[in-house]
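Q: Right, I'll just put the structure down here and ask away after.
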Amino acid sequence: MSPRRATMNDVAKLAGVTQATVSYVINDSANISDEVKARVYAAIKELDYSPNYNARALKTNRSNIIGIILPDIVNPYYARMVELLEQVFIKTNHHTMVYVTSYNPKYEKDIIHRLLSCDVYGIIVLYQLTDAANWNILRQSGKSIIALEGGKYCSEIGIPCVLIDSFYGGYTATKYLIEKGSKKIAFIHQTAVNETLHDRFRGYRKAMEEAGRFDSDDIFYVESSFNIYEEGKKIGSQVAVLPYDAIFASSDLIAVGVIKQLILHGKKVPEDVSVIGYDDIPLAELFIPALTTMVQPLKEVCQLIVQILLPKDGETPPNLPLLKPSLVIRESA
């Protein structure tokens, strides 16, 4: 027979306080003396007590758990998003459950059902789901749902989407290289079924067509959405022996892999080949040469997500503007 799980009432008795006081201490929702807090924490440790969030949700009819679904935790772009959201949710006394799908449609469906079975307050999806049918499950769940770059179908069925103008990002980066004097510019494209990535390519294509330089042979495709740094190295070894004087990669991790191969092939960056990435992950500024890249407005994104998901009493949810990335010029271009 398994041992009985300690309750909040057990903690209160051992600490010599009321159950309400234990709740106040755990949730930091009242002005409690340090001496009382110390007794409560000591009781929690002795009893190995952990709050039962499902029971709390049933009692209050309100969960404080937010589900976050992302495709990849290796890419620092998504890790940074989770970090920024966590910083906000800590202040609002919400907890997060983070799940990684690896772009697998079955995992997506299983994870959605798992989060719904936990009676989460809401779910944030940080990418365009691989299977559009999974958006319908979320839409019909009755939960607060919001997506980042969820795609056209997600918006069509009424799920709020925070959107970043990736066409503008692709166009701006390419235009900068053209105006800087680059003559032959390669684009490295991720093949994931993702409207955002395609929009980056469309921006590149538009700028190149305006300059009369677009050539489909200048487009290189990564073979996999996993470990795109290694994919960047593979393509880098190809473009290093071709007469390109500039490369625009759809991800910073790809760009870093490309630069490594360029240097191994005796090319200087940016003297021989300029390189621009996308996302401005932390490594971009630390890398040598520091990476010129398109910066995603992640703090604005997180602010909008929280405003939609957790509106203040009497506050009208904000309209969702089309956010714009910006070019940060460093050493690689």
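By convention here, the chains of the structure tokens are called A, B, ... in the order presented, each chain's residues are numbered starting at 1, and ligands are numbered starting at 1 in the order presented.
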Write out as a ChimeraX atom specification each polymer residue whose atoms come within 9 Å of Tyr103 (chain A), counting only C-alpha atoms; drop sequence neighbours fewer than 6 positions from it.

A: /A:70-72,129-130,192,225

Q: Once you have the residues from the selection above, write them out as an mmCIF file, in the first residue's frame, restricted to all heavy atoms.

A:
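Everything below was put into again_24.cif:
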data_model
loop_
_atom_site.group_PDB
_atom_site.id
_atom_site.type_symbol
_atom_site.label_atom_id
_atom_site.label_comp_id
_atom_site.auth_asym_id
_atom_site.auth_seq_id
_atom_site.Cartn_x
_atom_site.Cartn_y
_atom_site.Cartn_z
ATOM 1 N N LEU A 70 6.066 23.654 -28.384
ATOM 2 C CA LEU A 70 7.071 24.127 -29.328
ATOM 3 C C LEU A 70 7.657 22.938 -30.078
ATOM 4 O O LEU A 70 7.550 21.796 -29.625
ATOM 5 C CB LEU A 70 8.160 24.908 -28.611
ATOM 6 C CG LEU A 70 8.950 24.230 -27.498
ATOM 7 C CD1 LEU A 70 10.352 24.838 -27.405
ATOM 8 C CD2 LEU A 70 8.255 24.403 -26.154
ATOM 9 N N PRO A 71 8.267 23.179 -31.228
ATOM 10 C CA PRO A 71 8.742 22.051 -32.035
ATOM 11 C C PRO A 71 10.124 21.562 -31.673
ATOM 12 O O PRO A 71 10.476 20.414 -31.940
ATOM 13 C CB PRO A 71 8.743 22.640 -33.455
ATOM 14 C CG PRO A 71 9.062 24.087 -33.233
ATOM 15 C CD PRO A 71 8.391 24.456 -31.943
ATOM 16 N N ASP A 72 10.936 22.439 -31.048
ATOM 17 C CA ASP A 72 12.356 22.122 -30.922
ATOM 18 C C ASP A 72 12.932 22.905 -29.746
ATOM 19 O O ASP A 72 12.820 24.134 -29.706
ATOM 20 C CB ASP A 72 13.043 22.520 -32.241
ATOM 21 C CG ASP A 72 14.545 22.373 -32.214
ATOM 22 O OD1 ASP A 72 15.083 21.802 -31.245
ATOM 23 O OD2 ASP A 72 15.189 22.828 -33.176
ATOM 24 N N LEU A 129 1.547 24.351 -36.481
ATOM 25 C CA LEU A 129 1.414 22.910 -36.290
ATOM 26 C C LEU A 129 1.525 22.164 -37.618
ATOM 27 O O LEU A 129 1.050 22.622 -38.662
ATOM 28 C CB LEU A 129 0.075 22.589 -35.627
ATOM 29 C CG LEU A 129 -0.083 23.058 -34.170
ATOM 30 C CD1 LEU A 129 -1.508 22.788 -33.686
ATOM 31 C CD2 LEU A 129 0.925 22.375 -33.257
ATOM 32 N N THR A 130 2.141 20.993 -37.564
ATOM 33 C CA THR A 130 2.372 20.205 -38.778
ATOM 34 C C THR A 130 1.070 19.685 -39.371
ATOM 35 O O THR A 130 0.915 19.610 -40.590
ATOM 36 C CB THR A 130 3.311 19.027 -38.459
ATOM 37 O OG1 THR A 130 4.494 19.539 -37.838
ATOM 38 C CG2 THR A 130 3.692 18.266 -39.717
ATOM 39 N N ALA A 192 10.670 22.934 -44.003
ATOM 40 C CA ALA A 192 9.506 22.647 -43.166
ATOM 41 C C ALA A 192 8.266 23.319 -43.739
ATOM 42 O O ALA A 192 8.334 24.393 -44.340
ATOM 43 C CB ALA A 192 9.754 23.144 -41.743
ATOM 44 N N SER A 225 14.700 19.408 -40.564
ATOM 45 C CA SER A 225 14.451 20.480 -39.606
ATOM 46 C C SER A 225 15.192 20.251 -38.290
ATOM 47 O O SER A 225 15.172 21.105 -37.405
ATOM 48 C CB SER A 225 12.943 20.587 -39.318
ATOM 49 O OG SER A 225 12.240 20.925 -40.486
#

Q: Could you write out, as a list in words, all the residues of region 165-282 of chain A that DSSP marks as strand (DSSP E)?

A: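 DSSP on the backbone gives strand (DSSP E) at Ile185, Ala186, Phe187, Ile188, His189, Ile219, Phe220, Tyr221, Ala246, Ile247, Phe248, Ala249, Ser274, Val275, Ile276, Gly277, Tyr278 and Asp279 of chain A.
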
Q: Rank nothing, just name the residue among A:Glu35, A:Gly266, A:Asp280, A:Tyr49 nearest to Asn9 (chain A), using only C-alpha atoms.

A: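 Looking at the shortest contact to Asn9 (chain A), the residue is A:Tyr49.
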
Q: Using only C-alpha atoms, find each residue of region 33-115 of chain A with at least one atom at most 12 Å away from an atom of region 248-255 of chain A; report its shortest atom-to-atom pair and that distance in Å (one decimal), sort the rows by chain and rising residue number, and return the result as JSON lines.

A:
{"residue": "A:Val74", "atom": "CA", "partner": "A:Leu253", "partner_atom": "CA", "distance": 10.3}
{"residue": "A:Asn75", "atom": "CA", "partner": "A:Leu253", "partner_atom": "CA", "distance": 7.7}
{"residue": "A:Pro76", "atom": "CA", "partner": "A:Leu253", "partner_atom": "CA", "distance": 8.8}
{"residue": "A:Tyr77", "atom": "CA", "partner": "A:Asp252", "partner_atom": "CA", "distance": 9.1}

Q: Keeping N, CA, C and O atoms, export the residues of the selection given above as an mmCIF file, in the first residue's frame.

A:
data_model
loop_
_atom_site.group_PDB
_atom_site.id
_atom_site.type_symbol
_atom_site.label_atom_id
_atom_site.label_comp_id
_atom_site.auth_asym_id
_atom_site.auth_seq_id
_atom_site.Cartn_x
_atom_site.Cartn_y
_atom_site.Cartn_z
ATOM 1 N N VAL A 74 16.208 22.552 -28.879
ATOM 2 C CA VAL A 74 17.634 22.737 -29.157
ATOM 3 C C VAL A 74 17.890 24.126 -29.739
ATOM 4 O O VAL A 74 18.878 24.776 -29.411
ATOM 5 N N ASN A 75 16.972 24.584 -30.593
ATOM 6 C CA ASN A 75 17.125 25.902 -31.200
ATOM 7 C C ASN A 75 16.960 26.982 -30.127
ATOM 8 O O ASN A 75 15.894 27.092 -29.510
ATOM 9 N N PRO A 76 17.985 27.804 -29.887
ATOM 10 C CA PRO A 76 17.908 28.821 -28.838
ATOM 11 C C PRO A 76 16.765 29.818 -29.035
ATOM 12 O O PRO A 76 16.359 30.478 -28.081
ATOM 13 N N TYR A 77 16.268 29.942 -30.258
ATOM 14 C CA TYR A 77 15.145 30.853 -30.514
ATOM 15 C C TYR A 77 13.939 30.457 -29.663
ATOM 16 O O TYR A 77 13.324 31.295 -29.002
#

Q: Quick check, in Å to one decimal: how far apart do CA of Leu163 (chain A) and CA of Ile276 (chain A) lie?

A: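 Atom-to-atom, CA of Leu163 (chain A) and CA of Ile276 (chain A) are spaced 21.9 Å apart.
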
Q: Rank A:Ser50, A:Asn93, A:Asn104, A:Thr293 by their smallest atom-to-atom distance to Asn64 (chain A), using only C-alpha atoms, and report the top residue only.

A: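 Ranking A:Ser50, A:Asn93, A:Asn104, A:Thr293 by distance to Asn64 (chain A), first place goes to A:Asn93.
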
Q: May I have the residues within 10 Å of Asn194 (chain A) as a VMD selection string, using only C-alpha atoms and disregarding those fewer than 2 positions away in the same chain?

A: chain A and resid 127 to 130 149 to 151 190 to 192 196 to 199

Q: Which is closest to Gln87 (chain A) among A:Gln303, A:Ser216, A:Ser155, A:Ser102, if we use only C-alpha atoms?

A: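 Counting only C-alpha atoms, the residue closest to Gln87 (chain A) is A:Gln303.
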